[in-house]
Each structure stands twice: as structure tokens, then as C-alpha cells.
Amino acid sequence: MARSATTLHRLLDVLPVFAGDHRVTPLFTLAPGSAYDTDALAALDGAGARTIPWDEAVTGAHHRLALAASPNGSLHLLPGPLALLPHGAGFNKHLADRESATGLDPGQLLHAGRPLADLHALAHPSQLARLARTSPTAAAPAKVTGDPTLERLHHSQPGRARYRAALGTGDRRLIVLTSTFGPESLLARHPELPQRLTATLPYDTYQVALVLHPNARARHGAFALHQWLAPALRAGLVLPGPYEEWGAALIAADLVITDHGSTALYAAALDRPLIGAYDGGRELVPDSPMAQLLAQVPRLTSHAPYPGQLAAALAGHRPGSVRPLADPAFAARGSALDLLRTELYRLLGLDPPPGPVLPVPLPEPGAAPEPVTAFTVETASTPDGVRVSRFPAAADGPPGDHLAADADRAALGQLQTAALLYRRGPATGAPDWPALALAEYPACRTAAQILAPDRCTVRTRAGARLAVVIDHGPGAPVDPSAVLSAVHARRPTGADRFRCHLGDRTVGVQLSPL
């Protein structure tokens with residue numbers, strides 16, 4: 001039984017406990033009454049899952065066991081055994097107008113004085129203790145079984161390199177923003193932060209991704225979100241999907257900036273450096289695992305440049321130092337699915353299949369970033385060449401010393417003001433396209449054709465015609481357009497050899513007459 005995309009995703013992470021068992025058939029139903037039920041079952045459509053109307057589900061004709069990941073809704077109408085699973089980590093938020101945590105409030109867990117569920121699966125003994133102090137009756141069916149979503153994340157960690165490749169991260173540091181939903185969320189209080197980060201962080205050093213709570217997507221819709229985030233998306237912001245892709249982004253991340261949403265506890269369990277961006281309010285439960293975490297991590301401030309704050313957090317991270325911050329939220333690590341399978345088969349009255357349950361590794365994310373079409377570029381001479389720092393062209397970004405634009409994708413105004421224009425791909429149609437670009441755009445001082453990752457041709461306003469060969473060295477190739485900014489800064493007139501420093505990478509550059 002799902003009420004929202006969030007609860008559905010939690011249920012999908014549990015279903016491997018039934019994998020390979022022909023005696024068990026999964027059916028899905030959507031309980032009415034949630035403000036976040038838009039597209040809640042969309043993830044099932046492509047998979048061919050069978051769904052039944054709520055009115056049929058409450059008859060009990062189709063099922064022997066009901067699974068739910070939220071205590072809200074008319075669960076008492078479902079006949080037969082009910083297993084209740086958490087749909088987050090840590091029970092960190094107050095229930096509206098109450099002091100208890102949502103998901104641990106007896107008013108949600110009891111009906112007519114009796115527990116709704118035959119099994120209430122919890123992730124940590126402290127959660128069971130909190131519930132027992134409030135209501136021994138509500139705690140009666142509760143058992144500590146661990147967190148199946150964390151188990152899936154843990155088993156997916158060998159895919160980190162694949163996830164980073166799918167996101168286009170390369171050698172950059174991936175900064176992941178996590179925003180829960182509601183008026184105290186990061187995106188509600190700091191809607192400008194994604195754009196400010198993408199505009200002010202060096203593009204070849206950092207990549208930025210935004211993980212949104214599924215309820216935010218359900219409330220606003222993808223169209224509105226993409227419109228609000230359009231400047232950041234054009235600057236390379238990655239927006240992972242609400243199911244599975246967010247987990248892949250956490251595994252791929254180098255640092256996580258978080259509000260009070262429980263996603264940060266998963267990031268901590270993965271030992272990712274954390275920076276807090278929660279301004280306080282009424283939602284966070286004092287002494288909850290999330291409150292304890294936020295009290296121990298650095299805070300993001302708008303009063304200091306973001307690159308320095310992120311660099312300090314990355315430099316100060318020590319492997320293994322963050323993982324203990326998640327200990328108050330997760331127990332039974334590595335055995336959550338096996339424990340759940342034992343309990344669920346007990347409710348079904350069946351013997352579980354032999355052998356351990358195998359978590360399903362997360363797939364590669366499909367949320368590739370939009371290509372950046374124009375950069376504001378800062379260059380500085382070094383003893384052996386040029387250091388290049390590029391920023392997506394934006395009104396609130398640094399001024400730079402020249403604008404570099406993709407001649408096939410940038411806006412007309414950017415093409416008319418760019419000092420460096422480049423075109424990617426073989427020189428077909430116009431073999432000497434750089435000469436045409438110099439003639440058409442008077443502001444252009446350097447025009448280049450990128451023929452391959454390691455080869456370009458260049459024409460300058462001063463009349464030089466040069467071949468550019470890039471020695472990328474070990475690691476993935478750097479973006480040739482960034483090297484062209486170094487060539488532009490050198491104001492070359494003939495053969496030259498120098499080094500281009502780009503983020504943490506240094507590549508060799510050789511110029512020769514064309």
C-alpha cells in the first residue's frame with residue numbers, strides 16, 4: 001500500500017526479500033487521502049506491476065499480507081496481517097501540532113486502542129525505546145530489523161566510478177545538495193543556493209547535484225521545478241530522479257550539503273563529508289539522530305565564499321570520521337533484509353527460501369547535466385604556462401577576463417561578445433570555420449575547431465593559424481575548450497609549448513603552425 005512516491009520507493013527496496021519465490025505475488029494499491037500521491041505509482045508502470053483499486057484492496061480478496069511504509073491513511077480497513085515499515089531514517093520531524101515524532105506517534109499507530117500493525121519494523125533500538133516510553137501498546141508489535149535502503153546503498157558502493165561517469169563528474173568534486181520538503185527545507189529557505197553554487201564554483205573543479213524529496217516533486221511538478229532551477233540547470237546542475245538515482249548520487253558524492261532531511265543520515269553512513277544548511281525551526285525533533293548530526297558538522301554560511309568553505313570541509317575530512325554520526329539511526333547493518341524476510345514470512349505462514357537475501361545494486365543514473373554553452377574564464381600566468389578557472393556565464397558569477405562560447409549552442413548575445421569561440425566536431429561544410437567566425441563576430445579574438453579530445457585548430461585575430469595538440473596524461477581527458485582558453489590567454493603567434501592547469505589537472509599543450 002503506497003500513499004506517495006516516498007512510501008512506494010521504500011516498499012520497492014524491501015521486495016528483494018521475496019525474490020525467486022513463486023508462492024508470493026506482489027500487488028500494489030494507492031491509498032487515498034495523501035496530498036503527495038501525484039504519480040506515486042508511475043515507477044511501476046514501466047515495470048509492468050499489477051495494481052488494484054483501493055476499494056478492492058480493502059476487501060482482502062487479493063492478499064495474505066499487507067505492506068505499508070506510512071502509518072497514515074485508513075490502514076485499519078486492510079484485513080489480514082499488516083507490516084509497517086519506516087519511510088525515512090531516524091524519525092527526526094515533529095508531527096504537526098504535536099511533540100512526538102511523525103511515525104512514532106501513538107495516534108498514528110493505534111486504532112480503537114489496538115496496534116494497526118502486526119509488525120512495526122524499526123531501524124534502531126533507540127526508536128523502539130522512544131516508542132515504548134510513549135505507548136507500550138503501540139510498541140508491542142515493533143521489532144528492530146535495520147534499514148533495507150541503507151543496505152542497498154552499502155551494496156551499491158562498488159558502482160561509485162560508474163555512477164560518476166554517468167553523471168559526467170570526471171575528476172571534479174561532486175557536491176550534492178539534499179532538500180527535504182516543506183517550509184523549513186533547504187530549497188524553500190534558500191532557493192537561490194543551487195544557482196549561486198553553480199555560478200561561483202569553478203566548473204572544472206566542482207559539479208553540483210540537487211537531491212529533492214519526492215514530495216517536493218509531487219507538490220510542484222517537474223515543469224515548475226525545472227523552471228525555477230533553469231539558471232542552475234543551464235550551468236550544469238544535475239537533478240537526480242527521486243527513485244534510485246538519488247542513492248547513486250550520494251554514493252558518487254564527495255561532499256553533501258544538507259538541511260534536516262533524513263537523506264543526510266544515509267550520506268553519513270556512507271562516510272561522506274557533510275555541511276549543514278538548516279536554519280532551525282519547529283520541525284526538527286531535539287536529540288533526534290538528525291539533530292545530533294547537525295550539531296556536529298560545519299555550517300554553510302553566505303558570509304564567506306563558497307569555494308573556501310567547501311575546500312576546508314573536504315580537506316578536513318578524515319576517512320571514517322563521519323560514519324559514527326549515523327550510528328544512532330541504523331542498527332543491524334548488513335542483515336536488514338534477512339531479518340525482514342524472517343518476519344514477513346512469519347506473517348505469511350510460510351518458510352522462507354534458503355540462503356541470504358541479495359540486495360539489488362542501484363542502476364546508473366540517467367540524469368545527465370545539460371551542456372554549458374558559455375563560460376566566463378579567469379586565467380593567470382604560471383612559471384610553466386597558464387592556470388584556467390571557468391565559471392558558467394551568469395549575471396551573478398565572477399567577471400573573468402574573457403568569455404568563451406560554443407558557437408553552435410550559445411545564445412546570440414554571448415556569441416557577439418565572446419572573445420573565444422569554438423566549435424566541436426570534424427571540420428565539415430566549412431573547412432576553415434575559424435576564419436568565418438572571426439569575420440562574422442568582431443569581438444572574437446580567437447576561433448577554434450575542436451577536432452578530437454586531443455586536437456584542435458586555431459585562428460587568431462592577429463593572423464596566427466595553429467594546430468593544438470593536448471597531452472592529457474593519465475586520467476580522463478579534460479575538456480579541450482578549457483585548454484583553448486589557455487591558448488587564447490597566451491596570445492600565440494607561432495610554435496609554443498606550455499602547460500595548462502585546470503582544477504586539479506595539468507595537461508601539456510603544444511602549438512605548431514598549421
# chains A, B, ... in the order shown; residues from 1 in each chain; ligands from 1
$ residues_around --residues "segment 173-182 of chain A" --least-positions-apart "4" --cutoff "6 Å" --atoms "only C-alpha atoms" --output "PDB file with C-alpha atoms, in the first residue's frame"
ATOM      1  CA  LEU A 186      16.754  23.952   2.059  1.00  0.00           C
ATOM      2  CA  LEU A 187      15.082  24.757  -1.257  1.00  0.00           C
ATOM      3  CA  TYR A 206      33.218  21.127  -8.841  1.00  0.00           C
ATOM      4  CA  GLN A 207      29.977  19.602 -10.046  1.00  0.00           C
ATOM      5  CA  VAL A 208      26.706  20.286  -8.208  1.00  0.00           C
ATOM      6  CA  ALA A 209      23.678  17.988  -7.868  1.00  0.00           C
ATOM      7  CA  LEU A 210      20.367  18.589  -6.088  1.00  0.00           C
ATOM      8  CA  VAL A 211      18.525  15.694  -4.415  1.00  0.00           C
ATOM      9  CA  LEU A 212      14.903  16.677  -3.819  1.00  0.00           C
ATOM     10  CA  HIS A 213      12.413  14.917  -1.577  1.00  0.00           C
ATOM     11  CA  ALA A 216       8.533  18.347  -3.380  1.00  0.00           C
ATOM     12  CA  ALA A 253      29.301  12.443  -3.944  1.00  0.00           C
ATOM     13  CA  ASP A 254      32.451  13.940  -2.479  1.00  0.00           C
ATOM     14  CA  LEU A 255      30.565  16.244  -0.083  1.00  0.00           C
ATOM     15  CA  VAL A 256      26.925  16.718   0.946  1.00  0.00           C
ATOM     16  CA  ILE A 257      25.203  19.969   1.956  1.00  0.00           C
ATOM     17  CA  THR A 258      22.025  19.175   3.873  1.00  0.00           C
ATOM     18  CA  GLY A 261      16.028  15.789   5.974  1.00  0.00           C
TER      19      GLY A 261
END
$ residues_around --residues "Pro106 of chain A" --least-positions-apart "5" --cutoff "12 Å" --atoms "only C-alpha atoms" --output "list in words"
Pro71, Asn72, Leu95, Arg98, Glu99, Ser100, Ala101, His111, Ala112, Gly113, Arg114, Pro115, Leu116, Ala117, Arg130, Leu131, Ala132, Arg133, Thr134, Ser135, Pro136, Thr137, Ala138, Ala139 and Ala140 of chain A
$ write_last_selection --atoms "N, CA, C and O atoms" --output "compact mmCIF listing (two decimals), in the first residue's frame"
# COMPACT_ATOMS: atom_id res chain seq x y z
N PRO A 71 2.22 5.13 8.41
CA PRO A 71 1.08 4.78 9.27
C PRO A 71 -0.17 5.57 8.95
O PRO A 71 -1.23 5.31 9.53
N ASN A 72 -0.07 6.55 8.04
CA ASN A 72 -1.22 7.39 7.72
C ASN A 72 -2.16 6.69 6.74
O ASN A 72 -1.78 5.75 6.05
N LEU A 95 5.49 15.59 14.35
CA LEU A 95 4.18 15.52 13.75
C LEU A 95 3.50 16.87 13.93
O LEU A 95 3.68 17.54 14.96
N ARG A 98 2.09 18.43 17.29
CA ARG A 98 2.35 17.50 18.40
C ARG A 98 3.84 17.49 18.70
O ARG A 98 4.67 17.85 17.87
N GLU A 99 4.18 17.02 19.88
CA GLU A 99 5.57 16.96 20.29
C GLU A 99 6.25 15.67 19.85
O GLU A 99 7.46 15.60 19.76
N SER A 100 5.47 14.64 19.57
CA SER A 100 6.06 13.37 19.19
C SER A 100 6.53 13.41 17.74
O SER A 100 6.13 14.26 16.95
N ALA A 101 7.39 12.45 17.39
CA ALA A 101 7.94 12.38 16.04
C ALA A 101 6.94 11.71 15.11
O ALA A 101 6.27 10.74 15.49
N HIS A 111 -5.40 2.08 16.52
CA HIS A 111 -6.79 2.30 16.09
C HIS A 111 -7.69 1.57 17.08
O HIS A 111 -7.54 0.37 17.33
N ALA A 112 -8.61 2.34 17.65
CA ALA A 112 -9.52 1.80 18.67
C ALA A 112 -8.72 1.16 19.81
O ALA A 112 -9.11 0.12 20.36
N GLY A 113 -7.58 1.78 20.13
CA GLY A 113 -6.78 1.32 21.25
C GLY A 113 -5.89 0.13 20.96
O GLY A 113 -5.18 -0.35 21.85
N ARG A 114 -5.88 -0.37 19.73
CA ARG A 114 -5.08 -1.54 19.37
C ARG A 114 -4.08 -1.15 18.28
O ARG A 114 -4.34 -0.27 17.47
N PRO A 115 -2.92 -1.83 18.24
CA PRO A 115 -1.93 -1.52 17.20
C PRO A 115 -2.49 -1.80 15.80
O PRO A 115 -3.17 -2.81 15.58
N LEU A 116 -2.21 -0.89 14.89
CA LEU A 116 -2.59 -1.10 13.50
C LEU A 116 -1.85 -2.29 12.90
O LEU A 116 -2.41 -3.07 12.13
N ALA A 117 -0.56 -2.40 13.21
CA ALA A 117 0.31 -3.34 12.52
C ALA A 117 0.54 -4.60 13.34
O ALA A 117 0.50 -4.58 14.58
N ARG A 130 12.06 4.83 22.36
CA ARG A 130 11.26 6.06 22.32
C ARG A 130 9.77 5.75 22.25
O ARG A 130 8.95 6.36 22.94
N LEU A 131 9.42 4.78 21.40
CA LEU A 131 8.02 4.42 21.26
C LEU A 131 7.48 3.77 22.53
O LEU A 131 6.35 4.06 22.96
N ALA A 132 8.28 2.91 23.14
CA ALA A 132 7.82 2.22 24.35
C ALA A 132 7.59 3.19 25.49
O ALA A 132 6.67 2.99 26.31
N ARG A 133 8.42 4.25 25.59
CA ARG A 133 8.21 5.24 26.64
C ARG A 133 6.89 5.98 26.45
O ARG A 133 6.24 6.37 27.42
N THR A 134 6.51 6.18 25.20
CA THR A 134 5.28 6.92 24.92
C THR A 134 4.05 6.04 25.05
O THR A 134 3.03 6.44 25.62
N SER A 135 4.15 4.82 24.48
CA SER A 135 2.98 3.93 24.48
C SER A 135 3.43 2.48 24.38
O SER A 135 3.78 2.01 23.29
N PRO A 136 3.46 1.75 25.47
CA PRO A 136 3.81 0.32 25.41
C PRO A 136 2.89 -0.45 24.46
O PRO A 136 3.35 -1.41 23.81
N THR A 137 1.63 -0.05 24.36
CA THR A 137 0.72 -0.75 23.46
C THR A 137 1.16 -0.59 22.01
O THR A 137 1.19 -1.55 21.23
N ALA A 138 1.49 0.65 21.61
CA ALA A 138 1.93 0.89 20.24
C ALA A 138 3.25 0.21 19.95
O ALA A 138 3.53 -0.17 18.80
N ALA A 139 4.08 0.01 20.99
CA ALA A 139 5.39 -0.61 20.80
C ALA A 139 5.33 -2.13 20.76
O ALA A 139 6.31 -2.77 20.39
N ALA A 140 4.20 -2.71 21.10
CA ALA A 140 4.12 -4.17 21.21
C ALA A 140 4.51 -4.90 19.93
O ALA A 140 5.24 -5.91 19.98
$ residues_around --residues "Ala313 of chain A" --least-positions-apart "6" --cutoff "8 Å" --atoms "only C-alpha atoms" --output "count of residues only"
4
$ residues_around --residues "Leu77 of chain A" --least-positions-apart "2" --cutoff "12 Å" --atoms "only C-alpha atoms" --output "list in words"
Met1, Ala31, Trp54, Asp55, Glu56, Ala57, Val58, Thr59, Gly60, Ala66, Asn72, Gly73, Ser74, Leu75, Pro79, Gly80, Pro81, Leu82, His111, Leu116 and Ala117 of chain A
$ write_last_selection --atoms "N, CA, C and O atoms" --output "short mmCIF file (atom, residue, chain, number, x, y, z; two decimals), in the first residue's frame"
data_model
loop_
_atom_site.label_atom_id
_atom_site.label_comp_id
_atom_site.auth_asym_id
_atom_site.auth_seq_id
_atom_site.Cartn_x
_atom_site.Cartn_y
_atom_site.Cartn_z
N MET A 1 0.85 -1.18 0.00
CA MET A 1 0.00 0.00 0.00
C MET A 1 0.89 1.23 0.00
O MET A 1 1.72 1.41 0.89
N ALA A 31 -3.47 4.19 -1.56
CA ALA A 31 -4.47 4.60 -0.58
C ALA A 31 -4.82 6.07 -0.80
O ALA A 31 -3.94 6.90 -1.04
N TRP A 54 -8.03 0.77 -4.50
CA TRP A 54 -8.12 0.71 -3.04
C TRP A 54 -9.40 0.00 -2.59
O TRP A 54 -9.38 -0.78 -1.63
N ASP A 55 -10.50 0.25 -3.27
CA ASP A 55 -11.77 -0.38 -2.89
C ASP A 55 -11.69 -1.90 -2.97
O ASP A 55 -12.38 -2.61 -2.22
N GLU A 56 -10.88 -2.41 -3.90
CA GLU A 56 -10.69 -3.86 -3.97
C GLU A 56 -9.74 -4.34 -2.90
O GLU A 56 -9.93 -5.42 -2.32
N ALA A 57 -8.72 -3.55 -2.62
CA ALA A 57 -7.72 -3.97 -1.64
C ALA A 57 -8.34 -4.18 -0.27
O ALA A 57 -7.99 -5.12 0.46
N VAL A 58 -9.27 -3.30 0.12
CA VAL A 58 -9.83 -3.40 1.47
C VAL A 58 -10.79 -4.58 1.61
O VAL A 58 -11.18 -4.91 2.74
N THR A 59 -11.14 -5.24 0.51
CA THR A 59 -11.97 -6.44 0.64
C THR A 59 -11.16 -7.63 1.13
O THR A 59 -11.73 -8.61 1.65
N GLY A 60 -9.83 -7.57 0.93
CA GLY A 60 -8.98 -8.68 1.35
C GLY A 60 -9.01 -9.87 0.42
O GLY A 60 -8.40 -10.90 0.72
N ALA A 66 -0.25 -7.39 4.00
CA ALA A 66 -0.19 -6.01 3.51
C ALA A 66 1.09 -5.37 4.03
O ALA A 66 1.44 -5.51 5.21
N ASN A 72 -0.07 6.55 8.04
CA ASN A 72 -1.22 7.39 7.72
C ASN A 72 -2.16 6.69 6.74
O ASN A 72 -1.78 5.75 6.05
N GLY A 73 -3.37 7.19 6.67
CA GLY A 73 -4.36 6.58 5.80
C GLY A 73 -5.19 5.57 6.57
O GLY A 73 -4.99 5.33 7.76
N SER A 74 -6.10 4.97 5.86
CA SER A 74 -7.06 4.05 6.50
C SER A 74 -6.52 2.63 6.54
O SER A 74 -7.12 1.69 6.00
N LEU A 75 -5.37 2.46 7.19
CA LEU A 75 -4.77 1.13 7.24
C LEU A 75 -5.66 0.12 7.97
O LEU A 75 -5.59 -1.08 7.70
N PRO A 79 -7.74 -5.91 5.73
CA PRO A 79 -7.81 -7.13 6.54
C PRO A 79 -6.50 -7.91 6.46
O PRO A 79 -5.69 -7.71 5.56
N GLY A 80 -6.32 -8.81 7.42
CA GLY A 80 -5.14 -9.66 7.41
C GLY A 80 -3.95 -8.99 8.06
O GLY A 80 -4.02 -7.84 8.50
N PRO A 81 -2.83 -9.69 8.13
CA PRO A 81 -1.64 -9.14 8.77
C PRO A 81 -1.14 -7.89 8.03
O PRO A 81 -1.22 -7.79 6.80
N LEU A 82 -0.60 -6.96 8.80
CA LEU A 82 -0.04 -5.72 8.25
C LEU A 82 1.37 -5.53 8.79
O LEU A 82 1.59 -5.62 10.00
N HIS A 111 -5.40 2.08 16.52
CA HIS A 111 -6.79 2.30 16.09
C HIS A 111 -7.69 1.57 17.08
O HIS A 111 -7.54 0.37 17.33
N LEU A 116 -2.21 -0.89 14.89
CA LEU A 116 -2.59 -1.10 13.50
C LEU A 116 -1.85 -2.29 12.90
O LEU A 116 -2.41 -3.07 12.13
N ALA A 117 -0.56 -2.40 13.21
CA ALA A 117 0.31 -3.34 12.52
C ALA A 117 0.54 -4.60 13.34
O ALA A 117 0.50 -4.58 14.58
#
$ closest_atom_pairs --of "segment 289-393 of chain A" --to "segment 469-490 of chain A" --cutoff "7 Å" --atoms "only C-alpha atoms" --output "JSON lines"
{"residue": "A:Thr379", "atom": "CA", "partner": "A:Ala489", "partner_atom": "CA", "distance": 6.8}
{"residue": "A:Val386", "atom": "CA", "partner": "A:Ala486", "partner_atom": "CA", "distance": 5.8}
{"residue": "A:Val388", "atom": "CA", "partner": "A:Ala486", "partner_atom": "CA", "distance": 6.4}
$ closest_atom_pairs --of "segment 184-254 of chain A" --to "segment 156-164 of chain A" --cutoff "8 Å" --atoms "only C-alpha atoms" --output "tab-separated table"
residue	atom	partner	partner_atom	distance
A:Ala248	CA	A:Tyr163	CA	6.1
A:Ala249	CA	A:Tyr163	CA	7.1
A:Ile251	CA	A:Arg160	CA	5.8
A:Ala252	CA	A:Arg160	CA	5.2
$ closest_residue --among "A:His260, A:Gln127, A:Pro371, A:Asn215" --to "Leu167 of chain A" --atoms "only C-alpha atoms"
A:Pro371
$ closest_residue --among "A:Thr25, A:Thr342, A:Ser381, A:Thr145" --to "Phe498 of chain A" --atoms "only C-alpha atoms"
A:Ser381
$ closest_residue --among "A:Ala89, A:Ile450, A:Val357, A:Leu65" --to "Ala326 of chain A" --atoms "only C-alpha atoms"
A:Ala89
$ closest_residue --among "A:Thr200, A:Arg172, A:Gly334, A:Leu451" --to "Ala304 of chain A" --atoms "only C-alpha atoms"
A:Thr200
$ closest_residue --among "A:Glu378, A:Asp338, A:Asp454, A:Asp287" --to "Pro356 of chain A" --atoms "only C-alpha atoms"
A:Asp338
$ atom_distance --atom1 "atom CA of Leu347 of chain A" --atom2 "atom CA of Gly33 of chain A"
27.2 Å
$ closest_residue --among "A:Gln414, A:Leu153, A:Leu193, A:Leu104" --to "Ser302 of chain A" --atoms "only C-alpha atoms"
A:Leu193
$ residues_around --residues "Ala447 of chain A" --least-positions-apart "5" --cutoff "7 Å" --atoms "only C-alpha atoms" --output "list in words"
Leu420, Leu421, Tyr422, Pro434, Ala437, Leu438, Val458, Arg459 and Thr460 of chain A
$ select_by_dssp --residues "segment 166-227 of chain A" --states "alpha helix (DSSP H)" --output "number ranges by chain"
A: 166-167, 186-189, 193-200, 214-220, 222-227
$ residues_around --residues "Asp21 of chain A" --least-positions-apart "6" --cutoff "12 Å" --atoms "only C-alpha atoms" --output "list in words"
Leu15, Arg341, Tyr345, Leu350, Asp351, Pro352, Pro353, Pro354 and Val357 of chain A
$ write_last_selection --atoms "all heavy atoms" --output "mmCIF file, in the first residue's frame"
data_model
loop_
_atom_site.group_PDB
_atom_site.id
_atom_site.type_symbol
_atom_site.label_atom_id
_atom_site.label_comp_id
_atom_site.auth_asym_id
_atom_site.auth_seq_id
_atom_site.Cartn_x
_atom_site.Cartn_y
_atom_site.Cartn_z
ATOM 1 N N LEU A 15 11.242 -5.390 -1.426
ATOM 2 C CA LEU A 15 10.723 -6.536 -2.172
ATOM 3 C C LEU A 15 11.747 -7.609 -2.523
ATOM 4 O O LEU A 15 11.356 -8.751 -2.797
ATOM 5 C CB LEU A 15 10.025 -6.058 -3.444
ATOM 6 C CG LEU A 15 8.675 -5.366 -3.209
ATOM 7 C CD1 LEU A 15 7.991 -5.052 -4.519
ATOM 8 C CD2 LEU A 15 7.769 -6.212 -2.343
ATOM 9 N N ARG A 341 12.946 -10.522 6.045
ATOM 10 C CA ARG A 341 12.374 -11.711 5.411
ATOM 11 C C ARG A 341 11.854 -12.694 6.453
ATOM 12 O O ARG A 341 10.755 -13.258 6.295
ATOM 13 C CB ARG A 341 13.418 -12.397 4.517
ATOM 14 C CG ARG A 341 12.818 -13.605 3.801
ATOM 15 C CD ARG A 341 13.747 -14.187 2.774
ATOM 16 N NE ARG A 341 14.952 -14.783 3.369
ATOM 17 C CZ ARG A 341 15.842 -15.487 2.680
ATOM 18 N NH1 ARG A 341 15.671 -15.664 1.370
ATOM 19 N NH2 ARG A 341 16.905 -15.990 3.267
ATOM 20 N N TYR A 345 7.844 -13.552 6.342
ATOM 21 C CA TYR A 345 7.400 -14.921 6.076
ATOM 22 C C TYR A 345 6.677 -15.511 7.277
ATOM 23 O O TYR A 345 5.793 -16.364 7.128
ATOM 24 C CB TYR A 345 8.581 -15.789 5.651
ATOM 25 C CG TYR A 345 8.842 -15.730 4.156
ATOM 26 C CD1 TYR A 345 9.633 -14.742 3.610
ATOM 27 C CD2 TYR A 345 8.254 -16.654 3.289
ATOM 28 C CE1 TYR A 345 9.864 -14.668 2.250
ATOM 29 C CE2 TYR A 345 8.472 -16.602 1.927
ATOM 30 C CZ TYR A 345 9.278 -15.601 1.406
ATOM 31 O OH TYR A 345 9.483 -15.541 0.055
ATOM 32 N N LEU A 350 4.699 -18.986 5.970
ATOM 33 C CA LEU A 350 5.499 -19.777 5.042
ATOM 34 C C LEU A 350 6.932 -19.858 5.526
ATOM 35 O O LEU A 350 7.405 -18.995 6.265
ATOM 36 C CB LEU A 350 5.493 -19.135 3.641
ATOM 37 C CG LEU A 350 4.157 -19.026 2.907
ATOM 38 C CD1 LEU A 350 4.349 -18.225 1.622
ATOM 39 C CD2 LEU A 350 3.608 -20.417 2.601
ATOM 40 N N ASP A 351 7.617 -20.906 5.106
ATOM 41 C CA ASP A 351 9.051 -20.990 5.339
ATOM 42 C C ASP A 351 9.764 -20.161 4.282
ATOM 43 O O ASP A 351 9.477 -20.293 3.088
ATOM 44 C CB ASP A 351 9.524 -22.446 5.250
ATOM 45 C CG ASP A 351 8.995 -23.290 6.404
ATOM 46 O OD1 ASP A 351 8.825 -22.733 7.505
ATOM 47 O OD2 ASP A 351 8.741 -24.488 6.176
ATOM 48 N N PRO A 352 10.716 -19.309 4.675
ATOM 49 C CA PRO A 352 11.429 -18.509 3.686
ATOM 50 C C PRO A 352 12.348 -19.368 2.839
ATOM 51 O O PRO A 352 12.764 -20.459 3.262
ATOM 52 C CB PRO A 352 12.229 -17.517 4.541
ATOM 53 C CG PRO A 352 12.382 -18.172 5.860
ATOM 54 C CD PRO A 352 11.140 -18.999 6.052
ATOM 55 N N PRO A 353 12.667 -18.922 1.644
ATOM 56 C CA PRO A 353 13.614 -19.669 0.807
ATOM 57 C C PRO A 353 14.970 -19.762 1.483
ATOM 58 O O PRO A 353 15.317 -18.935 2.322
ATOM 59 C CB PRO A 353 13.695 -18.826 -0.477
ATOM 60 C CG PRO A 353 12.473 -17.967 -0.463
ATOM 61 C CD PRO A 353 12.166 -17.716 0.981
ATOM 62 N N PRO A 354 15.769 -20.755 1.120
ATOM 63 C CA PRO A 354 17.094 -20.887 1.736
ATOM 64 C C PRO A 354 18.052 -19.821 1.202
ATOM 65 O O PRO A 354 17.825 -19.227 0.149
ATOM 66 C CB PRO A 354 17.542 -22.292 1.307
ATOM 67 C CG PRO A 354 16.815 -22.533 0.015
ATOM 68 C CD PRO A 354 15.466 -21.853 0.173
ATOM 69 N N VAL A 357 19.381 -13.050 1.534
ATOM 70 C CA VAL A 357 18.764 -12.135 0.566
ATOM 71 C C VAL A 357 19.863 -11.279 -0.053
ATOM 72 O O VAL A 357 20.729 -10.755 0.639
ATOM 73 C CB VAL A 357 17.725 -11.218 1.251
ATOM 74 C CG1 VAL A 357 17.016 -10.364 0.202
ATOM 75 C CG2 VAL A 357 16.718 -12.041 2.031
#
$ residues_around --residues "Pro328 of chain A" --least-positions-apart "3" --cutoff "10 Å" --atoms "only C-alpha atoms" --output "mmCIF file with N, CA, C and O atoms, in the first residue's frame"
data_model
loop_
_atom_site.group_PDB
_atom_site.id
_atom_site.type_symbol
_atom_site.label_atom_id
_atom_site.label_comp_id
_atom_site.auth_asym_id
_atom_site.auth_seq_id
_atom_site.Cartn_x
_atom_site.Cartn_y
_atom_site.Cartn_z
ATOM 1 N N GLY A 90 15.511 7.721 11.065
ATOM 2 C CA GLY A 90 15.732 8.483 12.281
ATOM 3 C C GLY A 90 14.528 9.082 12.966
ATOM 4 O O GLY A 90 14.623 9.496 14.110
ATOM 5 N N ALA A 123 14.505 0.658 12.657
ATOM 6 C CA ALA A 123 15.894 0.535 12.219
ATOM 7 C C ALA A 123 16.888 0.541 13.370
ATOM 8 O O ALA A 123 18.049 0.190 13.167
ATOM 9 N N HIS A 124 16.453 0.947 14.591
ATOM 10 C CA HIS A 124 17.427 1.090 15.680
ATOM 11 C C HIS A 124 16.718 0.875 17.022
ATOM 12 O O HIS A 124 15.550 1.257 17.183
ATOM 13 N N PRO A 125 17.400 0.269 18.003
ATOM 14 C CA PRO A 125 16.757 0.052 19.311
ATOM 15 C C PRO A 125 16.293 1.339 19.979
ATOM 16 O O PRO A 125 15.305 1.317 20.741
ATOM 17 N N SER A 126 16.963 2.465 19.728
ATOM 18 C CA SER A 126 16.539 3.710 20.357
ATOM 19 C C SER A 126 15.146 4.120 19.895
ATOM 20 O O SER A 126 14.387 4.747 20.651
ATOM 21 N N GLN A 127 14.788 3.765 18.664
ATOM 22 C CA GLN A 127 13.446 4.076 18.172
ATOM 23 C C GLN A 127 12.403 3.252 18.918
ATOM 24 O O GLN A 127 11.329 3.771 19.270
ATOM 25 N N LEU A 265 21.487 11.329 6.855
ATOM 26 C CA LEU A 265 21.918 10.191 7.665
ATOM 27 C C LEU A 265 22.458 9.074 6.783
ATOM 28 O O LEU A 265 23.414 8.380 7.164
ATOM 29 N N SER A 288 17.120 14.100 18.299
ATOM 30 C CA SER A 288 16.943 13.063 17.283
ATOM 31 C C SER A 288 18.284 12.824 16.595
ATOM 32 O O SER A 288 19.209 13.650 16.685
ATOM 33 N N PRO A 289 18.451 11.709 15.891
ATOM 34 C CA PRO A 289 19.721 11.478 15.191
ATOM 35 C C PRO A 289 20.108 12.616 14.245
ATOM 36 O O PRO A 289 21.277 12.973 14.143
ATOM 37 N N MET A 290 19.113 13.204 13.577
ATOM 38 C CA MET A 290 19.432 14.285 12.648
ATOM 39 C C MET A 290 19.865 15.537 13.400
ATOM 40 O O MET A 290 20.775 16.257 12.964
ATOM 41 N N GLN A 292 21.383 15.591 16.283
ATOM 42 C CA GLN A 292 22.739 15.324 16.768
ATOM 43 C C GLN A 292 23.753 15.479 15.639
ATOM 44 O O GLN A 292 24.850 16.021 15.846
ATOM 45 N N LEU A 293 23.404 15.024 14.445
ATOM 46 C CA LEU A 293 24.316 15.149 13.314
ATOM 47 C C LEU A 293 24.575 16.614 12.981
ATOM 48 O O LEU A 293 25.729 17.036 12.809
ATOM 49 N N PRO A 324 30.261 7.410 12.203
ATOM 50 C CA PRO A 324 29.634 7.253 13.527
ATOM 51 C C PRO A 324 28.448 8.185 13.769
ATOM 52 O O PRO A 324 27.615 7.904 14.636
ATOM 53 N N LEU A 325 28.361 9.301 13.010
ATOM 54 C CA LEU A 325 27.229 10.207 13.193
ATOM 55 C C LEU A 325 25.904 9.543 12.813
ATOM 56 O O LEU A 325 24.841 10.000 13.231
ATOM 57 N N ALA A 331 20.853 0.273 12.972
ATOM 58 C CA ALA A 331 21.404 -0.923 13.596
ATOM 59 C C ALA A 331 21.229 -2.084 12.619
ATOM 60 O O ALA A 331 20.654 -1.923 11.540
#
